[in-house]
$ cat my_file_17.cif   # mmCIF, C-alpha atoms
data_run
#
loop_
_atom_site.label_atom_id
_atom_site.label_comp_id
_atom_site.auth_asym_id
_atom_site.auth_seq_id
_atom_site.Cartn_x
_atom_site.Cartn_y
_atom_site.Cartn_z
CA MET A 1 31.14 -6.98 9.42
CA THR A 2 31.42 -3.20 9.59
CA ASP A 3 33.82 -2.21 12.30
CA PHE A 4 32.74 0.79 14.34
CA ASP A 5 36.22 1.74 15.53
CA ASP A 6 37.53 1.57 11.98
CA ILE A 7 34.82 3.99 10.82
CA VAL A 8 34.76 6.49 13.65
CA GLY A 9 38.37 6.41 14.81
CA ALA A 10 39.38 8.32 17.91
CA ASP A 11 38.34 11.82 16.92
CA TYR A 12 35.14 12.11 18.95
CA ASP A 13 34.47 12.71 22.63
CA ALA A 14 32.81 9.99 24.67
CA SER A 15 29.22 11.22 24.43
CA GLU A 16 29.31 11.80 20.66
CA ARG A 17 31.06 8.48 20.20
CA GLU A 18 28.27 6.78 22.15
CA ARG A 19 25.62 8.51 20.05
CA LEU A 20 27.29 7.36 16.85
CA ARG A 21 27.65 3.87 18.24
CA ARG A 22 23.89 3.69 18.83
CA ALA A 23 23.25 4.69 15.23
CA HIS A 24 25.82 2.12 14.10
CA GLN A 25 24.19 -0.61 16.17
CA ALA A 26 20.74 0.33 14.88
CA LEU A 27 21.97 0.00 11.30
CA VAL A 28 23.50 -3.38 11.99
CA ALA A 29 20.40 -4.63 13.80
CA ALA A 30 17.97 -3.33 11.19
CA GLY A 31 19.68 -4.93 8.24
CA PRO A 32 18.69 -3.89 4.72
CA PRO A 33 15.02 -3.41 3.86
CA PRO A 34 13.81 -6.06 1.40
CA GLU A 35 13.27 -5.17 -2.21
CA LEU A 36 9.62 -4.57 -3.00
CA PRO A 37 8.07 -7.53 -4.80
CA ARG A 38 6.56 -6.89 -8.21
CA SER A 39 3.09 -7.14 -6.75
CA LEU A 40 3.78 -4.03 -4.67
CA ALA A 41 5.64 -2.05 -7.31
CA ARG A 42 2.54 0.02 -7.97
CA PRO A 43 0.28 1.51 -5.32
CA PRO A 44 -3.10 -0.12 -4.79
CA GLN A 45 -6.19 1.82 -5.81
CA PRO A 46 -8.42 1.58 -2.78
CA TRP A 47 -10.84 4.10 -4.24
CA ALA A 48 -11.71 1.49 -6.87
CA ASP A 49 -12.34 -1.27 -4.34
CA ASN A 50 -15.93 -0.94 -3.20
CA VAL A 51 -15.96 -4.05 -1.07
CA VAL A 52 -18.67 -3.84 1.56
CA SER A 53 -17.97 -5.32 4.96
CA LEU A 54 -20.23 -8.06 6.17
CA SER A 55 -19.42 -7.36 9.78
CA SER A 56 -22.67 -5.59 10.51
CA ARG A 57 -25.34 -8.07 11.48
CA ARG A 58 -28.06 -5.75 10.27
CA ARG A 59 -26.42 -5.32 6.92
CA ARG A 60 -25.82 -9.03 6.75
CA GLY A 61 -29.45 -9.80 7.43
CA TRP A 62 -30.47 -7.39 4.71
CA ILE A 63 -28.01 -8.92 2.27
CA VAL A 64 -29.11 -12.44 3.07
CA ALA A 65 -32.71 -11.44 2.48
CA LEU A 66 -31.77 -9.83 -0.81
CA ALA A 67 -29.64 -12.85 -1.76
CA ALA A 68 -32.53 -15.14 -0.99
CA ALA A 69 -34.83 -13.06 -3.15
CA ILE A 70 -32.30 -13.11 -5.98
CA ALA A 71 -31.86 -16.85 -5.51
CA VAL A 72 -35.60 -17.42 -5.78
CA ALA A 73 -35.73 -15.29 -8.91
CA LEU A 74 -32.73 -17.05 -10.44
CA PHE A 75 -34.15 -20.42 -9.55
CA GLY A 76 -37.42 -19.47 -11.17
CA LEU A 77 -35.63 -18.31 -14.30
CA GLY A 78 -33.57 -21.47 -14.36
CA TYR A 79 -36.63 -23.59 -13.94
CA LEU A 80 -38.39 -21.80 -16.77
CA ALA A 81 -35.34 -22.22 -18.96
CA GLY A 82 -35.39 -25.92 -18.26
CA ASP A 83 -31.83 -25.91 -16.90
CA ARG A 84 -32.21 -28.57 -14.21
CA GLY A 85 -29.92 -31.21 -12.85
CA ASN A 86 -26.76 -30.66 -14.92
CA GLY A 87 -23.29 -30.24 -13.43
CA SER A 88 -23.28 -26.45 -13.50
CA SER A 89 -26.51 -25.81 -11.67
CA LEU A 90 -27.68 -26.19 -8.14
CA GLU A 91 -30.98 -25.61 -6.44
CA ALA A 92 -29.82 -22.49 -4.66
CA GLU A 93 -31.15 -21.65 -1.25
CA GLN A 94 -28.94 -18.56 -1.10
CA VAL A 95 -26.64 -16.78 -3.49
CA VAL A 96 -23.44 -15.05 -2.37
CA SER A 97 -22.04 -12.40 -4.69
CA MET A 98 -18.33 -11.68 -4.66
CA LYS A 99 -16.38 -8.62 -5.73
CA PRO A 100 -12.74 -8.43 -6.79
CA THR A 101 -10.10 -6.84 -4.56
CA ALA A 102 -7.33 -4.64 -5.89
CA ALA A 103 -5.18 -7.77 -6.31
CA ALA A 104 -7.63 -9.50 -8.66
CA PRO A 105 -7.21 -9.58 -12.43
CA ALA A 106 -9.39 -7.19 -14.41
CA GLY A 107 -12.94 -8.37 -14.78
CA ALA A 108 -12.67 -11.07 -12.12
CA ALA A 109 -15.98 -11.93 -10.49
CA ALA A 110 -17.70 -14.79 -8.76
CA SER A 111 -20.97 -15.85 -7.24
CA ILE A 112 -21.76 -18.84 -5.11
CA ASP A 113 -25.00 -20.79 -5.10
CA LEU A 114 -25.57 -22.34 -1.69
CA GLY A 115 -27.77 -25.40 -1.68
CA GLU A 116 -29.79 -26.81 1.20
CA PRO A 117 -27.82 -29.06 3.59
CA ASP A 118 -28.45 -32.77 3.09
CA ALA A 119 -29.62 -35.14 5.84
CA SER A 120 -26.06 -35.47 7.12
CA GLY A 121 -25.56 -31.72 7.27
CA ASN A 122 -23.36 -31.34 4.18
CA ARG A 123 -24.16 -28.20 2.28
CA PRO A 124 -23.50 -28.20 -1.48
CA MET A 125 -22.24 -25.05 -3.14
CA LEU A 126 -21.62 -24.18 -6.73
CA VAL A 127 -19.04 -21.48 -7.37
CA HIS A 128 -19.28 -19.56 -10.65
CA LEU A 129 -15.97 -17.87 -11.46
CA THR A 130 -15.25 -15.41 -14.23
CA ASN A 131 -11.94 -14.11 -15.53
CA LEU A 132 -9.57 -15.62 -13.01
CA GLU A 133 -6.20 -16.40 -14.58
CA ALA A 134 -4.87 -19.92 -14.95
CA PRO A 135 -2.49 -20.25 -11.97
CA PRO A 136 1.18 -21.09 -12.48
CA ASP A 137 2.25 -24.71 -12.13
CA GLY A 138 1.58 -25.94 -8.59
CA ALA A 139 -0.40 -22.86 -7.56
CA TYR A 140 -4.15 -22.91 -7.06
CA TYR A 141 -7.10 -21.00 -5.62
CA THR A 142 -8.95 -21.66 -2.38
CA LEU A 143 -12.41 -20.62 -1.27
CA TRP A 144 -12.64 -19.79 2.45
CA VAL A 145 -15.34 -18.87 4.88
CA THR A 146 -14.31 -15.77 6.80
CA ARG A 147 -15.06 -13.99 10.02
CA ASN A 148 -14.28 -10.29 10.47
CA GLY A 149 -12.42 -10.42 7.19
CA ARG A 150 -10.14 -13.26 8.24
CA ALA A 151 -10.03 -16.68 6.65
CA VAL A 152 -11.26 -19.26 9.15
CA ALA A 153 -11.89 -22.48 7.23
CA PRO A 154 -11.38 -23.66 3.65
CA CYS A 155 -14.32 -24.78 1.54
CA GLY A 156 -12.16 -26.24 -1.20
CA SER A 157 -9.38 -25.58 -3.68
CA PHE A 158 -9.50 -25.37 -7.44
CA VAL A 159 -7.72 -24.23 -10.57
CA VAL A 160 -9.13 -22.56 -13.65
CA GLY A 161 -8.18 -22.89 -17.27
CA GLY A 162 -7.87 -19.19 -17.98
CA HIS A 163 -10.13 -16.31 -18.82
CA GLY A 164 -13.76 -17.24 -19.19
CA THR A 165 -16.15 -18.92 -16.83
CA THR A 166 -15.46 -21.88 -14.58
CA ASP A 167 -17.93 -23.65 -12.31
CA VAL A 168 -16.67 -25.53 -9.28
CA ARG A 169 -18.79 -27.63 -6.95
CA PHE A 170 -17.95 -28.12 -3.26
CA SER A 171 -19.69 -29.54 -0.24
CA VAL A 172 -19.01 -28.29 3.27
CA TYR A 173 -20.33 -29.30 6.65
CA TYR A 174 -19.83 -25.92 8.33
CA ASP A 175 -22.73 -24.03 9.81
CA LEU A 176 -22.37 -20.95 7.62
CA ASP A 177 -24.17 -18.79 10.19
CA ARG A 178 -20.97 -18.95 12.24
CA PHE A 179 -19.19 -16.92 9.57
CA ASP A 180 -19.83 -13.55 8.06
CA GLY A 181 -18.24 -13.77 4.62
CA MET A 182 -16.40 -15.77 2.00
CA ALA A 183 -13.18 -15.13 0.11
CA VAL A 184 -11.18 -16.60 -2.74
CA THR A 185 -7.41 -16.54 -2.29
CA PHE A 186 -4.51 -17.25 -4.59
CA GLN A 187 -2.29 -19.97 -3.15
CA PRO A 188 1.30 -20.09 -4.44
CA LYS A 189 2.86 -23.53 -4.83
CA GLY A 190 3.44 -25.15 -1.47
CA HIS A 191 1.64 -22.38 0.41
CA HIS A 192 -1.23 -23.69 2.51
CA ASP A 193 -2.11 -20.76 4.75
CA PRO A 194 -4.54 -18.23 3.31
CA GLY A 195 -2.87 -16.37 0.46
CA ARG A 196 -3.73 -13.09 -1.18
CA VAL A 197 -7.44 -12.36 -1.30
CA LEU A 198 -8.72 -11.89 -4.85
CA LEU A 199 -12.47 -11.98 -4.31
CA ARG A 200 -14.58 -11.18 -1.26
CA SER A 201 -18.26 -11.60 -0.60
CA VAL A 202 -20.33 -8.43 -0.62
CA MET B 1 14.04 0.71 -9.22
CA ARG B 2 11.46 3.19 -8.01
CA LEU B 3 8.92 4.29 -10.59
CA GLU B 4 6.60 7.19 -10.00
CA SER B 5 4.51 9.58 -11.98
CA PRO B 6 5.48 13.24 -12.55
CA ALA B 7 2.68 14.22 -10.20
CA ALA B 8 4.13 12.01 -7.51
CA ARG B 9 7.55 13.58 -8.06
CA THR B 10 6.06 17.01 -7.41
CA GLU B 11 4.46 15.69 -4.23
CA ARG B 12 7.77 14.22 -3.02
CA ARG B 13 8.81 17.47 -1.38
CA LEU B 14 5.70 17.53 0.81
CA ASP B 15 6.03 16.25 4.33
CA ASP B 16 4.20 13.16 5.49
CA SER B 17 1.61 15.05 7.55
CA THR B 18 0.65 17.22 4.60
CA LEU B 19 0.34 14.15 2.43
CA LEU B 20 -2.02 12.51 4.92
CA GLU B 21 -4.13 15.64 5.08
CA ARG B 22 -4.36 15.64 1.30
CA ILE B 23 -5.20 11.95 1.21
CA ALA B 24 -8.01 12.68 3.65
CA GLU B 25 -9.39 15.01 0.99
CA GLY B 26 -9.21 12.25 -1.63
CA ASP B 27 -5.95 13.32 -3.29
CA ARG B 28 -4.73 10.27 -5.22
CA ALA B 29 -1.34 11.76 -6.17
CA ALA B 30 -0.62 12.34 -2.48
CA PHE B 31 -1.58 8.73 -1.81
CA GLU B 32 0.81 7.56 -4.51
CA THR B 33 3.64 9.63 -3.07
CA LEU B 34 3.05 8.33 0.43
CA TYR B 35 2.96 4.79 -0.94
CA HIS B 36 6.33 5.12 -2.68
CA ARG B 37 7.80 6.75 0.39
CA PHE B 38 6.74 4.04 2.82
CA ALA B 39 5.94 0.84 0.93
CA ARG B 40 9.40 -0.68 1.07
CA SER B 41 10.00 0.01 4.73
CA LEU B 42 6.50 -1.19 5.62
CA PHE B 43 7.05 -4.35 3.60
CA GLY B 44 10.25 -4.87 5.61
CA LEU B 45 8.33 -4.35 8.85
CA ALA B 46 5.58 -6.78 7.80
CA LEU B 47 8.08 -9.37 6.63
CA ARG B 48 10.01 -9.12 9.87
CA MET B 49 6.88 -9.61 11.95
CA LEU B 50 5.02 -12.16 9.80
CA ARG B 51 7.96 -14.05 8.25
CA ASP B 52 5.87 -14.82 5.21
CA ARG B 53 6.21 -12.88 1.98
CA THR B 54 2.68 -13.40 0.71
CA ARG B 55 1.16 -12.39 4.01
CA ALA B 56 3.51 -9.41 4.25
CA GLU B 57 2.43 -8.28 0.77
CA ASP B 58 -1.19 -8.54 1.85
CA ALA B 59 -0.47 -6.57 5.01
CA VAL B 60 1.10 -3.75 3.00
CA GLN B 61 -1.89 -3.63 0.65
CA GLU B 62 -4.26 -3.62 3.59
CA THR B 63 -2.23 -0.92 5.34
CA PHE B 64 -2.58 1.44 2.42
CA ALA B 65 -6.24 0.62 1.93
CA ALA B 66 -6.69 1.54 5.60
CA VAL B 67 -4.67 4.73 5.13
CA TRP B 68 -7.00 5.75 2.31
CA ARG B 69 -10.05 5.01 4.46
CA SER B 70 -8.77 6.49 7.71
CA ALA B 71 -6.50 9.41 6.77
CA ARG B 72 -9.23 11.70 8.11
CA SER B 73 -8.57 10.38 11.61
CA TYR B 74 -4.95 11.58 11.55
CA ARG B 75 -4.42 14.70 13.67
CA PRO B 76 -1.10 16.45 12.97
CA GLU B 77 -1.29 18.30 16.28
CA ARG B 78 -1.09 14.96 18.10
CA GLY B 79 2.21 13.99 16.53
CA PRO B 80 4.08 13.19 13.34
CA ALA B 81 2.73 10.94 10.63
CA ALA B 82 5.19 8.05 10.92
CA PRO B 83 3.94 6.70 14.28
CA TRP B 84 0.34 6.98 13.04
CA LEU B 85 1.28 5.02 9.92
CA TYR B 86 3.08 2.49 12.07
CA ALA B 87 -0.06 1.97 14.15
CA VAL B 88 -2.14 1.44 11.00
CA ALA B 89 0.43 -1.00 9.62
CA ARG B 90 0.68 -2.86 12.89
CA ASN B 91 -3.08 -3.44 12.92
CA ALA B 92 -2.93 -4.84 9.38
CA ILE B 93 0.01 -7.06 10.32
CA VAL B 94 -1.70 -8.34 13.45
CA ASP B 95 -4.81 -9.10 11.36
CA ARG B 96 -2.72 -11.15 8.94
CA ALA B 97 -1.05 -12.97 11.83
CA ARG B 98 -4.46 -13.78 13.32
CA ALA B 99 -5.74 -15.00 9.96
CA ARG B 100 -2.87 -17.45 9.92
CA SER B 101 -3.65 -18.85 13.34
CA GLU B 102 -7.41 -18.98 12.70
CA ALA B 103 -6.90 -20.74 9.41
CA THR B 104 -5.42 -23.79 11.06
CA PHE B 105 -7.69 -26.31 12.68
CA ALA B 106 -5.11 -27.96 14.86
CA GLU B 107 -5.56 -27.74 18.60
CA PRO B 108 -3.40 -25.10 20.24
CA PRO B 109 -0.10 -26.47 21.51
CA ASP B 110 0.15 -27.35 25.20
CA ALA B 111 3.15 -25.13 25.66
CA ALA B 112 4.22 -21.96 24.00
CA SER B 113 6.65 -22.60 21.19
CA PRO B 114 10.15 -21.39 21.87
CA GLY B 115 11.07 -18.16 20.17
CA SER B 116 11.64 -14.52 20.76
CA ASP B 117 9.32 -12.48 22.93
CA PRO B 118 6.59 -10.91 20.72
CA ALA B 119 7.05 -7.58 22.52
CA ASP B 120 10.77 -7.65 21.68
CA GLU B 121 9.96 -8.56 18.11
CA THR B 122 7.52 -5.66 17.83
CA GLN B 123 10.08 -3.27 19.30
CA SER B 124 12.87 -4.45 17.00
CA GLY B 125 10.48 -4.29 14.04
CA TYR B 126 9.62 -0.70 14.90
CA VAL B 127 13.24 0.30 15.34
CA ALA B 128 14.24 -1.34 12.04
CA TRP B 129 11.37 0.44 10.32
CA ARG B 130 12.48 3.81 11.71
CA VAL B 131 16.09 3.12 10.71
CA HIS B 132 15.02 2.33 7.14
CA LEU B 133 12.99 5.53 6.97
CA ALA B 134 15.85 7.58 8.41
CA VAL B 135 18.33 6.13 5.89
CA GLU B 136 15.91 7.07 3.11
CA ASP B 137 16.02 10.64 4.39
CA LEU B 138 19.83 10.92 4.15
CA PRO B 139 21.44 12.77 1.24
CA PRO B 140 22.08 10.25 -1.56
CA HIS B 141 25.89 10.32 -1.31
CA GLU B 142 25.73 9.57 2.41
CA ARG B 143 23.03 6.95 2.04
CA GLU B 144 25.12 5.21 -0.59
CA VAL B 145 28.18 4.70 1.62
CA LEU B 146 26.08 3.49 4.54
CA GLU B 147 24.18 0.98 2.40
CA LEU B 148 27.37 -0.38 0.87
CA ALA B 149 29.16 -0.64 4.21
CA TYR B 150 26.36 -1.90 6.42
CA TRP B 151 23.99 -3.73 4.15
CA ARG B 152 26.31 -5.07 1.48
CA GLY B 153 29.14 -5.84 3.85
CA LEU B 154 31.86 -3.87 2.03
CA SER B 155 34.87 -2.64 3.98
CA GLN B 156 35.70 1.06 3.85
CA SER B 157 38.45 0.36 1.29
CA GLU B 158 36.06 -1.70 -0.82
CA VAL B 159 33.48 1.09 -0.70
CA ALA B 160 36.17 3.52 -1.87
CA ARG B 161 37.09 1.23 -4.78
CA HIS B 162 33.46 0.56 -5.61
CA LEU B 163 32.62 4.28 -5.77
CA ASP B 164 36.02 5.27 -7.11
CA ILE B 165 36.54 7.91 -4.44
CA PRO B 166 39.35 8.35 -1.88
CA LEU B 167 39.22 6.28 1.29
CA GLY B 168 39.27 9.47 3.37
CA THR B 169 36.14 10.70 1.62
CA VAL B 170 34.38 7.42 2.37
CA LYS B 171 35.27 7.71 6.04
CA THR B 172 34.16 11.32 6.24
CA ARG B 173 30.86 10.58 4.50
CA THR B 174 30.23 7.57 6.69
CA ARG B 175 30.83 9.51 9.90
CA THR B 176 28.68 12.39 8.72
CA ALA B 177 25.95 9.96 7.72
CA LEU B 178 26.11 8.22 11.10
CA ALA B 179 25.84 11.56 12.89
CA ARG B 180 22.89 12.60 10.75
CA LEU B 181 21.27 9.25 11.29
CA ALA B 182 21.74 9.64 15.04
CA ASP B 183 20.00 13.02 14.80
CA LEU B 184 17.11 11.53 12.85
CA LEU B 185 16.73 8.69 15.30
CA GLU B 186 17.04 10.92 18.36
CA GLY B 187 14.30 10.09 20.75
CA GLU B 188 13.90 6.56 19.46
CA GLU B 189 14.92 3.81 21.81
CA LEU B 190 17.69 2.03 19.98
CA ARG B 191 18.27 -1.29 21.64
#
$ encode --input "my_file_17.cif" --output "structure tokens"
Amino acid sequence: MTDFDDIVGADYDASERERLRRAHQALVAAGPPPELPRSLARPPQPWADNVVSLSSRRRRGWIVALAAAIAVALFGLGYLAGDRGNGSSLEAEQVVSMKPTAAAPAGAAASIDLGEPDASGNRPMLVHLTNLEAPPDGAYYTLWVTRNGRAVAPCGSFVVGGHGTTDVRFSVYYDLDRFDGMAVTFQPKGHHDPGRVLLRSV
Amino acid sequence: MRLESPAARTERRLDDSTLLERIAEGDRAAFETLYHRFARSLFGLALRMLRDRTRAEDAVQETFAAVWRSARSYRPERGPAAPWLYAVARNAIVDRARARSEATFAEPPDAASPGSDPADETQSGYVAWRVHLAVEDLPPHEREVLELAYWRGLSQSEVARHLDIPLGTVKTRTRTALARLADLLEGEELR
């Protein structure tokens, strides 16, 4: 423990001594700043992150309409191609596109096909992921529904094998109208709260 | 180890307000300089308030994304840059804290959990942040003795041995550094 009297001695008048003591106490109370983790060693590049907020209802309505149109088109194409009923397809009612954040690996992308809820209210979704890295041992990814940019409820967790495309199927009972976006986070081993966002819905 | 580009090194001499004004004009080198100047202390602030490294890292990233988006709203005539940056960082930190509480589905507890007063925590986080910034502003030879004495726990004699300088020099540098630090922190409420 650094001793104030040892440092300052008796050479100062009372007011200066008190001023120095406050600085001394502030240093002790503050403690050292932590070292920057590797992930923060380089500045982010926010100019490269063109994520569009879903907070505007009007924008959201427009996007949903566009997504529905794309979904219909994709469904039509899929139907024509004869790709029906296998594990990597879903009769999409809506499609959610996702964009990478600054924390995502290069080329990372995802889209989510949202199916129609079943009689019990469970809604199937098929998540198409591209270029996510295989997580370290014990780590994984989680897909969340979000509100105002904040993770509110998990849809499911998954891992990927490495670069390339991975399809993951989930089923959720949430009323998705209660949320305004979706996000994929990286979850370090043993970490269950929302981790770093890698992909956000646009 | 701090790594920065030559352009960032040139920008280092600029004050924080000028950097923000340049960032508002889309100057990426100014953004990089501001990042290297504040990232570590902001990470410390976020870590202190969130107590979670991953969330603190996110908060720092979000802070700087917000700085890039909102630098235009900074008005130098209303005050220095550091408090403005603190306000931006605090919003990002509060957002991360809310995300944590919203992400859990458990019912809220019947009684508040014991712990320190959030207002006190915010105040101590702010003071620690300002202290870290002020130490960064000290001349290197003064910063060195303070860091060794206060943050590595070395006695004055140990600092002298570590730096291979006379004990009297260590004491003089430490007192001078404390006085300069007191000047830099003048006006802050140090509690």
$ closest_atom_pairs --input "my_file_17.cif" --of "chain A" --to "chain B" --cutoff "9 Å" --atoms "all atoms listed in the file" --output "tab-separated table"
residue	atom	partner	partner_atom	distance
A:Met1	CA	B:Gly153	CA	6.0
A:Thr2	CA	B:Tyr150	CA	6.1
A:Asp3	CA	B:Ser155	CA	8.4
A:Asp6	CA	B:Gln156	CA	8.3
A:Ile7	CA	B:Lys171	CA	6.1
A:Val8	CA	B:Arg175	CA	6.2
A:Glu16	CA	B:Ala179	CA	8.5
A:Arg19	CA	B:Ala182	CA	6.4
A:Leu20	CA	B:Leu178	CA	5.9
A:Arg21	CA	B:Leu178	CA	8.5
A:Arg22	CA	B:Leu190	CA	6.5
A:Ala23	CA	B:Ala182	CA	5.2
A:His24	CA	B:Leu178	CA	6.8
A:Gln25	CA	B:Leu190	CA	8.0
A:Ala26	CA	B:Leu190	CA	6.2
A:Leu27	CA	B:Val131	CA	6.7
A:Val28	CA	B:Tyr150	CA	6.4
A:Ala29	CA	B:Ala128	CA	7.2
A:Ala30	CA	B:Ala128	CA	4.3
A:Gly31	CA	B:Trp151	CA	6.1
A:Pro32	CA	B:Trp151	CA	5.3
A:Pro33	CA	B:Gly44	CA	5.3
A:Pro34	CA	B:Gly44	CA	5.6
A:Glu35	CA	B:Arg40	CA	6.8
A:Leu36	CA	B:Arg40	CA	5.6
A:Pro37	CA	B:Glu57	CA	8.0
A:Ser39	CA	B:Glu57	CA	7.6
A:Leu40	CA	B:Glu57	CA	7.0
A:Ala41	CA	B:Leu3	CA	7.9
A:Arg42	CA	B:Leu3	CA	8.1
A:Pro43	CA	B:Tyr35	CA	6.1
A:Pro44	CA	B:Gln61	CA	6.6
A:Gln45	CA	B:Ala65	CA	7.8
A:Pro46	CA	B:Ala65	CA	5.3
A:Trp47	CA	B:Trp68	CA	7.8
A:Asp49	CA	B:Ala65	CA	8.9
A:Ala102	CA	B:Gln61	CA	8.6
A:Ala103	CA	B:Gln61	CA	8.7
A:Gly149	CA	B:Ala99	CA	8.6
A:Arg150	CA	B:Ala99	CA	5.0
A:Ala151	CA	B:Ala99	CA	5.7
A:Val152	CA	B:Ala103	CA	4.6
A:Ala153	CA	B:Ala103	CA	5.7
A:Pro154	CA	B:Ala103	CA	7.9
A:Pro188	CA	B:Thr54	CA	8.6
A:Asp193	CA	B:Arg100	CA	6.2
A:Pro194	CA	B:Arg100	CA	6.9
A:Gly195	CA	B:Thr54	CA	6.3
A:Arg196	CA	B:Asp58	CA	6.0
A:Val197	CA	B:Asp58	CA	8.0
$ atom_distance --input "my_file_17.cif" --atom1 "atom CA of Leu20 of chain B" --atom2 "atom CA of Pro140 of chain B"
25.1 Å
$ atom_distance --input "my_file_17.cif" --atom1 "atom CA of Ala134 of chain A" --atom2 "atom CA of Phe170 of chain A"
19.4 Å
$ residues_around --input "my_file_17.cif" --residues "Glu25 of chain B" --least-positions-apart "3" --cutoff "9 Å" --atoms "only C-alpha atoms" --output "number ranges by chain"
B: 20-22, 71-72
$ closest_residue --input "my_file_17.cif" --among "A:Ile112, A:Met98, A:Ala14, A:Met182" --to "Pro124 of chain A" --atoms "all atoms listed in the file"
A:Ile112
$ closest_residue --input "my_file_17.cif" --among "B:Asp16, B:His141, B:Ala46, B:Ala29" --to "Gly79 of chain B" --atoms "only C-alpha atoms"
B:Asp16
$ atom_distance --input "my_file_17.cif" --atom1 "atom CA of Asp15 of chain B" --atom2 "atom CA of Pro76 of chain B"
11.2 Å
$ residues_around --input "my_file_17.cif" --residues "Val159 of chain A" --least-positions-apart "6" --cutoff "10 Å" --atoms "only C-alpha atoms" --output "PyMOL selection string"
chain A and resi 132-136+138-142+166+168+186
